[in-house]
Amino acid sequence: MTTDYASLLNESQLEAVTTDAQFVRIIAGAGSGKTRVLTYRVAFLLECMGVRPSEILAVTFTNKAAQQMRDRVVKLVGNAGLYVTASTFHSFCSHFLRSEAPCIGFPSGFTIFDDEDTEKLIKDIAVAKGYKKGDQIVKQALHYIDAKKTRGQYPDDVKITNKSFVGEDVCLDIYKEYEAQKDAMLAFDFDDLILRTVQILKTFPDVRAKYQRKYRYILIDEYQDTNDVQYELIRLLVDEGTCLYVVGDPDQTIYTWRGANQGIILNFPKDFSPCQDVILARNYRSTKKILEAANKLIAHNRKRVPKNLFTEESEGDPIVAKRFDTPEEEARFVVDKVVEIAEKNGGDYENIALLYRSSYLTRPFEQEFAHRGLPYRIFGGLRFYQRKEVKDVLAYFRLLLNSLDDVAFERIINVPKRGIGDTSVRSIKSEAASLGLSCYDYCAQIQNHPETSLSRRVIGALMVLTSKMEATKKELKDNLEAYSSVLRNFITDLGYMEYIVEDQGIDEDRAGNVNALFDDMTSFIKEHPESTFDEYLQNISLLTSQDDMNGGNYVSLMTVHVAKGLEFDNVFIVGLNEGAFPSYRAQMEKGFDGLEEERRLAYVAITRARKNLVMTCNSAYTYTTDSRATPSLFFEEAGIQLPRENRSIFSFQGNRGSSWRTVGFEQRGKSFFGDGDAIDPFEEKKPTKEEKEKPTTNGISDWRIGDLVRHEKFGDGVVVEIIDASIIVVSFKESGKKTLLSSHPMLSRLPKPGAEA
């Protein structure tokens with residue numbers, strides 16, 4: 001029986017699901033049922049338009065979302081849904097490269113490096129070049145490589161004419177060596193997965209044509225977060241007959257700092273014409289009061305597709321807004337409210353979340369939760385697959401599949417202890433490199449190299465290890481047992497399980513984590529009985545922080561970025577202060593665009609709430625602005641008034657990046673709010689003429705190394721480093737080196753000797 005789409009969808013959703021347009025842009029407001037629309041669209045293609053499952057590619061934000069979409073499609077149309085390709089960009093590219101990497105000289109069995117592997121390799125390269133692992137150049141190189149890859153640039157694409165910062169030439173040199181060593185290990189990092197896929201599609205027209213013929217219907221979720229490299233990939237997969245269907249919300253573009261380009265969704269009608277637009281504005285998540293605040297806030301942004309979220313649900317409880325003198329008072333209030341909500345719900349903490357702009361804001365809240373013995377969990381921190389013992393075991397597994405993976409080799413060579421110290425490891429690396437071998441391959445044939453400088457004891461330990469690994473490789477190849485059983489026996493035989501039991505602390509369960517890994521592997525085999533060991537490794541290497549999220553009876557603490565796509569009955573947005581949220585640095589770096597993104601971030605935070613929303617701030621001294629903290633302009637923009645007893649000595653000055661100003665007060669008597677002779681804290685003081693005319697910026701945006709400067713407090717100096725567009729390092733004659741905001745009004749540029757004044 002055909003699905004009755006008209007009875008299951010509202011009018012806009014039905015239009016979005018049943019359209020026959022080739023190019024479709026769905027502007028899906030928060031809580032408007034975009035996942036439902038995507039799922040029903042796939043089902044409609046299969047059930048009503050006669051599309052073959054193999055012709056559909058659906059790209060989602062997380063692996064979990066991809067699996068949920070596939071499961072829901074199966075419920076609607078049966079097993080045909082199993083054969084739809086639903087994945088993230090990275091997962092799609094990983095599968096693509098398993099087939100097509102030989103085109104560019106890589107085998108199908110490549111290794112995927114995570115961020116920790118990348119950092120380890122870059123540190124090793126820096127050390128080999130005479131630096132220390134903790135030197136600033138290492139951090140600079142990591143940021144440099146990440147920035148270049150986000151722009152789609154490999155070392156050969158980078159030409160330095162004028163250095164943008166001190167050390168750029170060194171960073172490029174490290175980048176070149178990083179790529180060379182990674183290639184030699186037959187490894188890709190996350191960025192490579194997309195970049196190499198793009199390279200193959202551009203270079204080999206026959207491969208490009210094959211995939212264009214294969215995927216006639218491409219659907220992309222969270223299109224507002226697409227970056228330029230992903231967009232190039234999409235363009236390469238689309239030909240004149242491809243139907244492209246994108247879903248997103250320009251008001252929720254919050255990842256420009258990692259490359260997301262809001263212009264991609266805004267310009268879709270120009271890039272793919274003729275385009276049908278469908279706007280989903282009915283919200284099924286939040287109360288009217290919450291949506292009213294969200295709509296008022298986001299209306300201040302200019303770069304958007306106009307829409308107003310609405311709901312047919314109840315008005316709901318008023319939004320609670322509070323300001324406190326200190327972060328500790330703020331935390332106590334929030335945790336009191338958490339306890340109150342949990343007690344009303346029979347001790348259930350699962351539907352409560354604390355959201356914040358930056359992780360450093362959690363300290364007082366963590367302390368308060370811990371002091372009261374309340375359950376909480378921080379998301380976006382150390383994920384399961386990043387825990388040391390899990391990483392150790394996975395490194396062994398990677399080495400079983402790829403003997404060229406020197407990063408994995410170095411991690412496990414003396415874990416558990418085998419008496420192979422740093423000196424021996426350096427010898428192995430040096431001797432292997434001289435013979436053009438990987439570290440593992442050299443050790444596996446160590447008996448063939450009598451000239452080695454390694455001791456007999458070390459040679460014996462290496463022979464025992466490599467013989468066990470080679471035997472395990474054979475067992476995996478024979479495929480007589482489930483690979484989970486083979487690998488568990490291997491890890492136990494190595495003595496690793498015994499080692500972690502002895503090594504773990506009282507409060508740790510490292511053995512439990514390793515056992516959980518094997519349980520995870522067994523579950524994967526049950527769900528994918530035809531899977532191979534390398535497919536399992538590929539799957540876990542591509543998981544995101546949200547894929548780790550499973551329900552539990554605890555309060556969830558997370559940044560707003562991590563909370564994207566989630567929802568909770570009760571949401572607390574904390575630390576809503578100028579400089580923190582909106583972020584001072586974001587505004588300094590990107591100006592008006594930075595403020596718009598901060599506002600989008602606040603909009604995302606507000607729309608995570610289903611029933612109750614609490615927004616708090618404090619007025620403690622902060623080094624961010626070098627003054628007492630002031631409430632965020634987002635309170636007023638959202639139409640939310642701080643109660644009189646929670647307002648501070650601040651007055652609102654309009655819609656600017658630094659919208660709240662301290663007007664000062666003189667405290668006399670018992671307390672600020674006491675009966676003493678204190679100035680009324682709510683009395684607004686008009687700024688003097690001098691205050692109005694005082695500049696807030698020096699207007700200089702083109703600093704160069706070597707520029708002479710004068711600072712009203714630090715005196716004369718010279719620019720010695722440009723960290724980024726907003727921060728410079730100046731060496732002052734009397735004050736030494738200072739790291740300064742490049743636009744600070746106390747800073748001015750002096751003419752160079754001999755130059756005209």
# chains A, B, ... in the order shown; residues from 1 in each chain; ligands from 1
$ residues_around --residues "Leu97 of chain A" --least-positions-apart "2" --cutoff "12 Å" --atoms "only C-alpha atoms" --output "ChimeraX atom specification"
/A:90-95,99-112,187-188,192-201,207,538
$ residues_around --residues "segment 469-478 of chain A" --least-positions-apart "5" --cutoff "10 Å" --atoms "only C-alpha atoms" --output "list in words"
Tyr396, Phe397, Leu399, Leu400, Leu401, Ala444, Met463, Val464, Tyr483, Ser484, Val486, Leu487, Asn489, Phe490, Ile491, Leu494, Thr532 and Phe533 of chain A
$ write_last_selection --atoms "C-alpha atoms" --output "PDB file, in the first residue's frame"
ATOM      1  CA  TYR A 396      47.668  -2.445  16.667  1.00  0.00           C
ATOM      2  CA  PHE A 397      44.725  -3.070  14.375  1.00  0.00           C
ATOM      3  CA  LEU A 399      49.305  -1.884  11.769  1.00  0.00           C
ATOM      4  CA  LEU A 400      47.823  -5.301  10.979  1.00  0.00           C
ATOM      5  CA  LEU A 401      46.189  -3.775   7.915  1.00  0.00           C
ATOM      6  CA  ALA A 444      59.539  -8.063  10.639  1.00  0.00           C
ATOM      7  CA  MET A 463      60.741 -11.031  16.596  1.00  0.00           C
ATOM      8  CA  VAL A 464      58.167 -12.189  19.166  1.00  0.00           C
ATOM      9  CA  TYR A 483      37.481 -11.008  13.248  1.00  0.00           C
ATOM     10  CA  SER A 484      36.362  -9.744  16.671  1.00  0.00           C
ATOM     11  CA  VAL A 486      40.674 -13.246  16.345  1.00  0.00           C
ATOM     12  CA  LEU A 487      41.604  -9.747  17.455  1.00  0.00           C
ATOM     13  CA  ASN A 489      42.800 -13.329  21.264  1.00  0.00           C
ATOM     14  CA  PHE A 490      45.615 -11.349  19.672  1.00  0.00           C
ATOM     15  CA  ILE A 491      45.381  -8.458  22.168  1.00  0.00           C
ATOM     16  CA  LEU A 494      50.220  -9.737  23.575  1.00  0.00           C
ATOM     17  CA  THR A 532      35.468  -6.813   6.729  1.00  0.00           C
ATOM     18  CA  PHE A 533      37.879  -5.763   9.432  1.00  0.00           C
TER      19      PHE A 533
END
$ closest_residue --among "A:Glu350, A:Glu177, A:Asp569, A:Glu55" --to "Ile122 of chain A" --atoms "only C-alpha atoms"
A:Glu177
$ residues_around --residues "Gln153 of chain A" --least-positions-apart "5" --cutoff "12 Å" --atoms "only C-alpha atoms" --output "PyMOL selection string"
chain A and resi 144-148+158-159+172+175-176+179+191-192+195-196+198-199+228-229
$ write_last_selection --atoms "N, CA, C and O atoms" --output "JSON list (two decimals), in the first residue's frame"
[["chain", "number", "residue", "atom", "x", "y", "z"],
["A", 144, "TYR", "N", 48.29, 26.17, 10.31],
["A", 144, "TYR", "CA", 48.62, 26.52, 8.93],
["A", 144, "TYR", "C", 48.15, 25.42, 7.98],
["A", 144, "TYR", "O", 47.49, 25.68, 6.96],
["A", 145, "ILE", "N", 48.48, 24.18, 8.31],
["A", 145, "ILE", "CA", 48.10, 23.05, 7.46],
["A", 145, "ILE", "C", 46.59, 22.92, 7.39],
["A", 145, "ILE", "O", 46.01, 22.70, 6.31],
["A", 146, "ASP", "N", 45.93, 23.07, 8.53],
["A", 146, "ASP", "CA", 44.47, 22.98, 8.56],
["A", 146, "ASP", "C", 43.85, 24.06, 7.68],
["A", 146, "ASP", "O", 42.92, 23.79, 6.91],
["A", 147, "ALA", "N", 44.37, 25.28, 7.78],
["A", 147, "ALA", "CA", 43.82, 26.39, 6.99],
["A", 147, "ALA", "C", 44.02, 26.16, 5.50],
["A", 147, "ALA", "O", 43.11, 26.41, 4.69],
["A", 148, "LYS", "N", 45.19, 25.70, 5.12],
["A", 148, "LYS", "CA", 45.47, 25.46, 3.70],
["A", 148, "LYS", "C", 44.59, 24.35, 3.14],
["A", 148, "LYS", "O", 44.06, 24.44, 2.03],
["A", 158, "VAL", "N", 50.94, 26.31, -2.82],
["A", 158, "VAL", "CA", 51.24, 27.48, -1.99],
["A", 158, "VAL", "C", 52.54, 28.13, -2.46],
["A", 158, "VAL", "O", 53.59, 27.47, -2.52],
["A", 159, "LYS", "N", 52.47, 29.39, -2.79],
["A", 159, "LYS", "CA", 53.66, 30.16, -3.17],
["A", 159, "LYS", "C", 53.76, 31.35, -2.23],
["A", 159, "LYS", "O", 52.85, 32.18, -2.17],
["A", 172, "LEU", "N", 55.38, 25.95, 5.95],
["A", 172, "LEU", "CA", 55.22, 25.34, 4.63],
["A", 172, "LEU", "C", 56.18, 24.17, 4.46],
["A", 172, "LEU", "O", 55.82, 23.13, 3.89],
["A", 175, "TYR", "N", 54.76, 21.36, 6.31],
["A", 175, "TYR", "CA", 53.61, 20.87, 5.54],
["A", 175, "TYR", "C", 54.08, 19.92, 4.43],
["A", 175, "TYR", "O", 53.51, 18.84, 4.23],
["A", 176, "LYS", "N", 55.13, 20.31, 3.71],
["A", 176, "LYS", "CA", 55.65, 19.46, 2.63],
["A", 176, "LYS", "C", 56.13, 18.12, 3.18],
["A", 176, "LYS", "O", 55.84, 17.06, 2.61],
["A", 179, "GLU", "N", 53.15, 15.88, 4.29],
["A", 179, "GLU", "CA", 52.49, 15.21, 3.16],
["A", 179, "GLU", "C", 53.35, 14.07, 2.63],
["A", 179, "GLU", "O", 52.84, 12.99, 2.30],
["A", 191, "ASP", "N", 40.91, 15.68, 5.88],
["A", 191, "ASP", "CA", 40.82, 16.61, 4.75],
["A", 191, "ASP", "C", 41.15, 15.92, 3.44],
["A", 191, "ASP", "O", 40.55, 16.20, 2.40],
["A", 192, "ASP", "N", 42.13, 15.00, 3.48],
["A", 192, "ASP", "CA", 42.52, 14.29, 2.26],
["A", 192, "ASP", "C", 41.37, 13.51, 1.64],
["A", 192, "ASP", "O", 41.29, 13.35, 0.42],
["A", 195, "LEU", "N", 39.64, 16.02, -0.47],
["A", 195, "LEU", "CA", 40.55, 16.62, -1.46],
["A", 195, "LEU", "C", 41.00, 15.60, -2.51],
["A", 195, "LEU", "O", 41.07, 15.92, -3.70],
["A", 196, "ARG", "N", 41.31, 14.38, -2.08],
["A", 196, "ARG", "CA", 41.76, 13.37, -3.03],
["A", 196, "ARG", "C", 40.60, 12.90, -3.92],
["A", 196, "ARG", "O", 40.79, 12.57, -5.09],
["A", 198, "VAL", "N", 38.11, 14.83, -4.87],
["A", 198, "VAL", "CA", 37.99, 15.93, -5.84],
["A", 198, "VAL", "C", 39.08, 15.81, -6.90],
["A", 198, "VAL", "O", 38.83, 15.98, -8.12],
["A", 199, "GLN", "N", 40.30, 15.52, -6.48],
["A", 199, "GLN", "CA", 41.42, 15.38, -7.41],
["A", 199, "GLN", "C", 41.14, 14.31, -8.46],
["A", 199, "GLN", "O", 41.36, 14.53, -9.66],
["A", 228, "ASP", "N", 33.83, 25.23, 0.71],
["A", 228, "ASP", "CA", 34.15, 25.38, -0.71],
["A", 228, "ASP", "C", 34.61, 24.07, -1.34],
["A", 228, "ASP", "O", 34.30, 23.79, -2.51],
["A", 229, "VAL", "N", 35.38, 23.27, -0.60],
["A", 229, "VAL", "CA", 35.86, 22.00, -1.15],
["A", 229, "VAL", "C", 34.70, 21.03, -1.32],
["A", 229, "VAL", "O", 34.61, 20.32, -2.33]]
$ atom_distance --atom1 "atom CA of Phe634 of chain A" --atom2 "atom CA of Val320 of chain A"
14.0 Å
$ closest_residue --among "A:Leu404, A:Val59, A:Cys617, A:Ile413" --to "Gly436 of chain A" --atoms "only C-alpha atoms"
A:Leu404
$ residues_around --residues "segment 33-43 of chain A" --least-positions-apart "4" --cutoff "7 Å" --atoms "only C-alpha atoms" --output "count of residues only"
9
$ residues_around --residues "Ser164 of chain A" --least-positions-apart "4" --cutoff "12 Å" --atoms "only C-alpha atoms" --output "VMD selection string"
chain A and resid 144 159 to 160 168 to 169 171 to 172 702 to 705 720 to 725 728
$ atom_distance --atom1 "atom CA of Gln212 of chain A" --atom2 "atom CA of Phe61 of chain A"
21.9 Å
$ residues_around --residues "Gln262 of chain A" --least-positions-apart "3" --cutoff "12 Å" --atoms "only C-alpha atoms" --output "JSON, numbers by chain"
{"A": [222, 223, 224, 225, 226, 227, 228, 231, 248, 249, 250, 251, 252, 253, 254, 255, 256, 257, 258, 259, 265, 266, 267, 268, 303, 304, 305, 593, 596, 597, 600]}
